[in-house]
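entry04.tsv (TSV, C-alpha atoms)
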```
chain	number	residue	atom	x	y	z
A	1	MET	CA	-0.83	24.97	-14.53
A	2	SER	CA	1.45	21.95	-14.33
A	3	LEU	CA	1.57	18.89	-12.12
A	4	TRP	CA	5.19	19.70	-11.36
A	5	GLU	CA	4.10	22.89	-9.60
A	6	TYR	CA	2.94	20.76	-6.67
A	7	ALA	CA	6.49	19.51	-6.18
A	8	ASN	CA	6.90	22.90	-4.52
A	9	PRO	CA	6.45	22.21	-0.77
A	10	VAL	CA	4.37	25.37	-0.22
A	11	LYS	CA	1.88	24.49	-2.97
A	12	PHE	CA	1.82	20.85	-1.91
A	13	MET	CA	1.02	21.82	1.68
A	14	ALA	CA	-1.81	24.08	0.51
A	15	LEU	CA	-3.36	21.50	-1.81
A	16	SER	CA	-2.94	18.55	0.56
A	17	GLY	CA	-4.45	20.57	3.39
A	18	ARG	CA	-7.64	20.92	1.35
A	19	ILE	CA	-7.74	17.30	0.17
A	20	LEU	CA	-6.83	15.56	3.43
A	21	PRO	CA	-10.11	16.07	5.37
A	22	TRP	CA	-12.18	14.84	2.43
A	23	THR	CA	-10.14	11.69	1.89
A	24	ALA	CA	-10.15	10.94	5.62
A	25	TRP	CA	-13.93	11.22	5.91
A	26	LEU	CA	-14.61	9.33	2.69
A	27	SER	CA	-12.26	6.52	3.71
A	28	GLY	CA	-14.02	6.18	7.06
A	29	ILE	CA	-17.46	6.10	5.47
A	30	SER	CA	-16.41	3.58	2.81
A	31	LEU	CA	-14.76	1.28	5.35
A	32	VAL	CA	-17.73	1.34	7.71
A	33	ILE	CA	-20.15	0.56	4.87
A	34	GLY	CA	-17.96	-2.14	3.36
A	35	LEU	CA	-16.97	-3.92	6.58
A	36	VAL	CA	-20.40	-3.82	8.22
A	37	TRP	CA	-22.09	-4.91	5.01
A	38	GLY	CA	-19.52	-7.61	4.34
A	39	PHE	CA	-19.23	-9.09	7.83
A	40	PHE	CA	-22.85	-8.88	8.95
A	41	TYR	CA	-25.07	-8.78	5.85
A	42	THR	CA	-23.56	-11.32	3.48
A	43	PRO	CA	-24.15	-15.08	3.67
A	44	ASP	CA	-21.58	-17.74	4.45
A	45	ASP	CA	-19.94	-19.38	1.47
A	46	PHE	CA	-21.13	-22.91	0.68
A	47	ARG	CA	-17.51	-24.17	0.77
A	48	GLN	CA	-15.56	-21.76	2.96
A	49	GLY	CA	-18.30	-20.91	5.46
A	50	SER	CA	-17.84	-17.66	7.38
A	51	THR	CA	-14.09	-17.80	6.70
A	52	VAL	CA	-14.75	-16.23	3.31
A	53	LYS	CA	-15.49	-12.90	4.99
A	54	ILE	CA	-11.81	-12.34	5.69
A	55	ILE	CA	-11.73	-11.31	2.02
A	56	TYR	CA	-12.87	-7.82	3.11
A	57	LEU	CA	-9.55	-7.27	4.87
A	58	HIS	CA	-7.23	-9.57	2.96
A	59	VAL	CA	-7.93	-8.54	-0.63
A	60	PRO	CA	-7.82	-4.72	-0.09
A	61	SER	CA	-4.68	-4.93	2.05
A	62	ALA	CA	-2.95	-7.22	-0.47
A	63	LEU	CA	-3.83	-4.89	-3.33
A	64	MET	CA	-2.55	-1.89	-1.39
A	65	ALA	CA	0.65	-3.67	-0.32
A	66	ILE	CA	1.59	-4.03	-3.98
A	67	ASN	CA	0.29	-0.68	-5.19
A	68	VAL	CA	1.90	1.31	-2.38
A	69	TRP	CA	5.27	-0.03	-3.51
A	70	MET	CA	4.46	0.88	-7.11
A	71	MET	CA	3.55	4.39	-5.94
A	72	MET	CA	6.94	4.51	-4.18
A	73	LEU	CA	8.57	3.39	-7.43
A	74	VAL	CA	6.96	6.27	-9.36
A	75	THR	CA	7.91	8.90	-6.77
A	76	SER	CA	11.43	7.46	-6.54
A	77	LEU	CA	11.82	7.76	-10.31
A	78	VAL	CA	10.60	11.36	-10.09
A	79	TRP	CA	13.29	12.00	-7.48
A	80	ILE	CA	16.01	10.39	-9.61
A	81	ILE	CA	14.99	12.24	-12.78
A	82	ARG	CA	13.66	15.59	-11.52
A	83	ARG	CA	15.21	15.82	-8.00
A	84	HIS	CA	11.95	17.00	-6.42
A	85	HIS	CA	12.21	16.63	-2.66
A	86	VAL	CA	8.46	16.25	-2.12
A	87	SER	CA	8.47	13.08	-4.23
A	88	ALA	CA	11.26	11.55	-2.15
A	89	LEU	CA	9.48	12.48	1.06
A	90	ALA	CA	6.21	11.00	-0.28
A	91	ALA	CA	7.98	7.69	-0.94
A	92	LYS	CA	9.47	7.78	2.55
A	93	ALA	CA	6.05	8.56	4.03
A	94	ALA	CA	4.37	5.71	2.14
A	95	ALA	CA	6.76	2.95	3.28
A	96	PRO	CA	5.40	2.42	6.84
A	97	ILE	CA	1.86	2.33	5.43
A	98	GLY	CA	2.99	-0.31	2.94
A	99	VAL	CA	4.53	-2.35	5.75
A	100	ALA	CA	1.23	-2.28	7.64
A	101	MET	CA	-0.75	-3.29	4.55
A	102	THR	CA	1.63	-6.15	3.75
A	103	LEU	CA	1.53	-7.39	7.34
A	104	ILE	CA	-2.28	-7.32	7.38
A	105	ALA	CA	-2.32	-9.29	4.11
A	106	LEU	CA	0.13	-11.89	5.45
A	107	VAL	CA	-1.68	-12.33	8.78
A	108	THR	CA	-5.18	-12.48	7.31
A	109	GLY	CA	-3.93	-14.85	4.62
A	110	ALA	CA	-2.53	-17.15	7.31
A	111	ILE	CA	-5.81	-17.01	9.27
A	112	TRP	CA	-7.71	-17.94	6.09
A	113	GLY	CA	-5.17	-20.56	5.03
A	114	GLN	CA	-5.20	-22.60	8.22
A	115	PRO	CA	-8.80	-23.87	7.90
A	116	MET	CA	-8.71	-23.93	4.08
A	117	TRP	CA	-5.27	-25.46	3.46
A	118	GLY	CA	-4.65	-27.07	6.85
A	119	THR	CA	-1.55	-24.94	7.44
A	120	TRP	CA	-0.77	-21.37	8.51
A	121	TRP	CA	2.00	-21.00	5.93
A	122	ALA	CA	3.21	-22.63	2.73
A	123	TRP	CA	6.12	-21.68	0.51
A	124	ASP	CA	3.69	-20.86	-2.24
A	125	PRO	CA	5.07	-18.56	-5.01
A	126	ARG	CA	2.70	-15.70	-4.16
A	127	LEU	CA	3.15	-16.03	-0.40
A	128	THR	CA	6.93	-16.21	-0.72
A	129	SER	CA	7.13	-13.16	-2.99
A	130	PHE	CA	4.84	-11.30	-0.57
A	131	LEU	CA	7.12	-12.14	2.35
A	132	ILE	CA	10.14	-10.90	0.38
A	133	LEU	CA	8.23	-7.70	-0.44
A	134	PHE	CA	7.59	-7.24	3.29
A	135	LEU	CA	11.34	-7.58	3.95
A	136	PHE	CA	12.07	-5.02	1.24
A	137	TYR	CA	9.70	-2.59	2.96
A	138	LEU	CA	11.59	-3.08	6.23
A	139	GLY	CA	14.93	-2.66	4.47
A	140	TYR	CA	13.72	0.53	2.79
A	141	ILE	CA	12.68	2.06	6.12
A	142	ALA	CA	15.92	0.95	7.78
A	143	LEU	CA	18.02	2.47	4.99
A	144	TRP	CA	16.29	5.85	5.37
A	145	ALA	CA	16.95	5.72	9.12
A	146	ALA	CA	20.60	4.69	8.75
A	147	ILE	CA	21.76	7.55	6.49
A	148	GLU	CA	21.98	11.07	7.88
A	149	ASP	CA	22.24	12.97	4.59
A	150	ASN	CA	18.72	13.19	3.20
A	151	ASP	CA	19.67	13.38	-0.48
A	152	THR	CA	21.99	10.37	-0.21
A	153	ALA	CA	19.27	8.44	1.62
A	154	ALA	CA	16.77	9.35	-1.10
A	155	ASP	CA	19.20	8.18	-3.81
A	156	LEU	CA	19.93	4.81	-2.19
A	157	THR	CA	16.34	4.08	-1.20
A	158	SER	CA	15.22	4.91	-4.74
A	159	ILE	CA	17.62	2.28	-6.09
A	160	LEU	CA	16.34	-0.21	-3.51
A	161	CYS	CA	12.79	0.61	-4.59
A	162	LEU	CA	13.66	-0.19	-8.21
A	163	VAL	CA	15.00	-3.61	-7.18
A	164	GLY	CA	12.07	-4.36	-4.88
A	165	SER	CA	9.59	-3.60	-7.66
A	166	VAL	CA	10.44	-6.99	-9.16
A	167	PHE	CA	8.92	-8.69	-6.12
A	168	ALA	CA	5.92	-6.35	-6.14
A	169	ILE	CA	5.20	-7.52	-9.68
A	170	LEU	CA	5.80	-11.15	-8.71
A	171	SER	CA	3.40	-10.77	-5.78
A	172	ARG	CA	0.71	-9.66	-8.19
A	173	TYR	CA	1.27	-12.15	-10.98
A	174	ALA	CA	2.91	-15.15	-9.26
A	175	VAL	CA	-0.13	-17.39	-9.77
A	176	ASN	CA	0.05	-16.61	-13.50
A	177	PHE	CA	3.80	-17.27	-13.74
A	178	TRP	CA	3.68	-20.59	-11.88
A	179	ASN	CA	0.87	-23.13	-11.94
A	180	GLN	CA	1.93	-24.81	-8.72
A	181	GLY	CA	1.05	-23.42	-5.31
A	182	LEU	CA	-1.87	-23.41	-2.94
A	183	HIS	CA	-2.98	-19.83	-3.45
A	184	GLN	CA	-6.15	-19.42	-5.46
A	185	GLY	CA	-6.46	-17.20	-8.50
A	186	ALA	CA	-7.41	-13.54	-8.35
A	187	SER	CA	-10.65	-12.74	-6.49
A	188	LEU	CA	-11.23	-9.78	-8.81
A	189	SER	CA	-11.21	-10.66	-12.48
A	190	LEU	CA	-12.77	-9.56	-15.76
A	191	ASP	CA	-13.70	-13.20	-16.24
A	192	THR	CA	-17.15	-13.54	-14.61
A	193	GLU	CA	-16.61	-17.26	-14.01
A	194	LYS	CA	-13.49	-16.60	-11.93
A	195	ASN	CA	-14.66	-13.41	-10.25
A	196	VAL	CA	-16.07	-13.48	-6.72
A	197	ALA	CA	-19.88	-13.71	-6.51
A	198	ASP	CA	-21.78	-10.41	-6.61
A	199	VAL	CA	-23.07	-10.84	-3.06
A	200	PHE	CA	-19.46	-10.60	-1.84
A	201	TYR	CA	-18.19	-8.38	-4.65
A	202	GLN	CA	-20.29	-5.30	-3.92
A	203	PRO	CA	-19.23	-4.75	-0.28
A	204	LEU	CA	-15.69	-5.67	-1.30
A	205	LEU	CA	-15.62	-2.68	-3.65
A	206	PHE	CA	-16.46	-0.39	-0.72
A	207	CYS	CA	-13.65	-1.94	1.32
A	208	ILE	CA	-11.15	-1.49	-1.51
A	209	ALA	CA	-12.25	2.14	-1.96
A	210	GLY	CA	-11.90	2.65	1.80
A	211	PHE	CA	-8.37	1.22	1.85
A	212	VAL	CA	-7.33	3.34	-1.14
A	213	LEU	CA	-8.71	6.52	0.39
A	214	LEU	CA	-7.18	5.63	3.76
A	215	PHE	CA	-3.80	5.28	2.09
A	216	VAL	CA	-4.19	8.64	0.33
A	217	ALA	CA	-5.13	10.32	3.61
A	218	LEU	CA	-2.26	8.72	5.53
A	219	VAL	CA	0.37	9.40	2.88
A	220	LEU	CA	-0.71	13.05	2.64
A	221	LEU	CA	-0.60	13.37	6.42
A	222	ARG	CA	2.81	11.70	6.71
A	223	THR	CA	4.27	13.67	3.79
A	224	ARG	CA	3.12	16.90	5.41
A	225	THR	CA	4.79	15.76	8.62
A	226	GLU	CA	8.02	14.97	6.77
A	227	ILE	CA	8.04	18.43	5.16
A	228	ARG	CA	7.50	20.09	8.53
A	229	ALA	CA	10.28	17.98	10.07
A	230	ARG	CA	12.63	18.97	7.23
A	231	ARG	CA	11.78	22.66	7.76
A	232	THR	CA	12.35	22.35	11.50
A	233	SER	CA	15.76	20.72	10.97
A	234	ALA	CA	16.73	23.50	8.56
A	235	LEU	CA	15.75	26.16	11.11
A	236	PHE	CA	17.75	24.49	13.86
A	237	ALA	CA	20.75	24.26	11.52
A	238	ARG	CA	20.50	27.98	10.76
A	239	GLU	CA	20.34	28.84	14.45
A	240	ARG	CA	23.44	26.77	15.19
A	241	MET	CA	25.32	28.45	12.35
A	242	GLY	CA	24.05	31.90	13.36
```

Can you present the structure in this file as structure tokens?
Amino acid sequence: MSLWEYANPVKFMALSGRILPWTAWLSGISLVIGLVWGFFYTPDDFRQGSTVKIIYLHVPSALMAINVWMMMLVTSLVWIIRRHHVSALAAKAAAPIGVAMTLIALVTGAIWGQPMWGTWWAWDPRLTSFLILFLFYLGYIALWAAIEDNDTAADLTSILCLVGSVFAILSRYAVNFWNQGLHQGASLSLDTEKNVADVFYQPLLFCIAGFVLLFVALVLLRTRTEIRARRTSALFARERMG
């Protein structure tokens, strides 16, 4: 048995069909537990008040915005090196999910920033790199839509993904690269003094797990849809030629 066997569309469809219901249910359960616990059963912060509870949407979406792009980078490299179509379709399927996650992170960050910083937006290093990452997501989706030949589109979007990975890394580590900026340090840290308090940390873990599982479920569903669409196009092409 090899991981590469699941680059075969038939095997991928069979495996993903078994995994998808489990990830969908587990993501729903985790999100319900995390969001209800976080929003209704945690106290207000002594500095931020109830505004702190936006962490249960902002932190998981920000983490996923970066990690979805990194997943796209890995699958794009697999396409470039091994030419497996499922990997290219998985990257294509993940991009709209990444856009949604990045948009949620930007909007929730602005909602949190207005009462905390006194402004909806600041050209902070992390915020700016996140905005650029959002634009790269849009450019990636637009490039797929603009090119008719699927292999050419996969090649060009893979190159774009390599370039955009710089901003994904900057989005994660901007506060470490530059000392200036309004954005606080990481909410999740191995340093207990910097890490969020346990009363907020525990429901946050459920929310992060829910977002991760939701992404897995959605990317499996969308990749399956892309494979079916590719098969349908091939059948129509055969009928026209026949």

10 Å contact set for range 70-83 of chain A, only C-alpha atoms, chain neighbours under 3 positions out, as number ranges by chain: A: 4, 7, 64-67, 86-95, 98, 151, 154-165, 168-169

Now that the selection is made, can you save its residues with C-alpha atoms as a compact mmCIF listing (two decimals), keeping the file's coordinate frame?
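Wrote it out as selection_0.txt, contents follow:
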```txt
# COMPACT_ATOMS: atom_id res chain seq x y z
CA TRP A 4 5.19 19.70 -11.36
CA ALA A 7 6.49 19.51 -6.18
CA MET A 64 -2.55 -1.89 -1.39
CA ALA A 65 0.65 -3.67 -0.32
CA ILE A 66 1.59 -4.03 -3.98
CA ASN A 67 0.29 -0.68 -5.19
CA VAL A 86 8.46 16.25 -2.12
CA SER A 87 8.47 13.08 -4.23
CA ALA A 88 11.26 11.55 -2.15
CA LEU A 89 9.48 12.48 1.06
CA ALA A 90 6.21 11.00 -0.28
CA ALA A 91 7.98 7.69 -0.94
CA LYS A 92 9.47 7.78 2.55
CA ALA A 93 6.05 8.56 4.03
CA ALA A 94 4.37 5.71 2.14
CA ALA A 95 6.76 2.95 3.28
CA GLY A 98 2.99 -0.31 2.94
CA ASP A 151 19.67 13.38 -0.48
CA ALA A 154 16.77 9.35 -1.10
CA ASP A 155 19.20 8.18 -3.81
CA LEU A 156 19.93 4.81 -2.19
CA THR A 157 16.34 4.08 -1.20
CA SER A 158 15.22 4.91 -4.74
CA ILE A 159 17.62 2.28 -6.09
CA LEU A 160 16.34 -0.21 -3.51
CA CYS A 161 12.79 0.61 -4.59
CA LEU A 162 13.66 -0.19 -8.21
CA VAL A 163 15.00 -3.61 -7.18
CA GLY A 164 12.07 -4.36 -4.88
CA SER A 165 9.59 -3.60 -7.66
CA ALA A 168 5.92 -6.35 -6.14
CA ILE A 169 5.20 -7.52 -9.68
```

Problem - Residue neighbourhood Leu138 in chain A, 10 Å, all atoms listed in the file, exclusion window fewer than 5 positions, as JSON, numbers by chain - result: {"A": [95, 96, 98, 99, 132, 133, 143]}

| field | Interatomic distance (Å, one decimal) between CA of Ala217 in chain A and CA of Ile19 in chain A | value |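 According to the coordinates, CA of Ala217 in chain A and CA of Ile19 in chain A are separated by 8.2 Å.
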
- [ ] Report the distance between CA of Leu106 in chain A and CA of Gly118 in chain A in Å, rounded to one decimal place.
- [x]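 According to the coordinates, CA of Leu106 in chain A and CA of Gly118 in chain A are separated by 16.0 Å.
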
Which range 87-165 of chain A residues have any atom within 10 Å of an atom of range 33-56 of chain A, and for each, what is the nearest pair of atoms with distance in Å to one decimal, counting all atoms listed in the file, rows sorted by chain and number, as a tab-separated table?
```
residue	atom	partner	partner_atom	distance
A:Ala105	CA	A:Ile55	CA	9.8
A:Thr108	CA	A:Ile54	CA	6.8
A:Gly109	CA	A:Ile54	CA	8.3
A:Ile111	CA	A:Ile54	CA	8.4
A:Trp112	CA	A:Thr51	CA	6.4
A:Gly113	CA	A:Thr51	CA	9.5
A:Pro115	CA	A:Thr51	CA	8.1
A:Met116	CA	A:Gln48	CA	7.3
```

Q) With distances taken over only C-alpha atoms, which of A:Pro60, A:Thr223, A:Val166, A:Phe211 is nearest to Gly28 in chain A? A)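 Closest to Gly28 in chain A, using only C-alpha atoms: A:Phe211.
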
Size and centre in Å, one decimal, axis-aligned box, all listed range 217-220 of chain A atoms plus 8 Å per side, as JSON:
```
{"center_x": -2.4, "center_y": 10.9, "center_z": 4.1, "size_x": 21.5, "size_y": 20.3, "size_z": 18.9}
```

Please return as a list in words every residue within 12 Å of (-0.5, 21.5, 2.2), taking into account only C-alpha atoms and the file's own coordinates. Tyr6, Ala7, Asn8, Pro9, Val10, Lys11, Phe12, Met13, Ala14, Leu15, Ser16, Gly17, Arg18, Ile19, Leu20, Pro21, Val86, Leu220, Leu221, Arg222, Thr223, Arg224, Thr225, Glu226, Ile227 and Arg228 of chain A

As a check of understanding: the span from CA of Phe130 in chain A to CA of Leu63 in chain A is 11.1 Å

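Minimum atom-to-atom distance to Leu131 in chain A, evaluated using only C-alpha atoms, belongs to A:Ala62 out of A:Val68, A:Ala62, A:Ala197, A:Ala24.
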
Closest of A:Thr128, A:Ser233, A:Thr119, A:Ser30 to Pro203 in chain A, counting all atoms listed in the file, is A:Ser30

Choose the residue, out of A:Leu205, A:Asp124, A:Glu239, A:Leu218, that has the smallest atom-to-atom separation from Leu31 in chain A; count only C-alpha atoms.
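Closest residue, counting only C-alpha atoms: A:Leu205.
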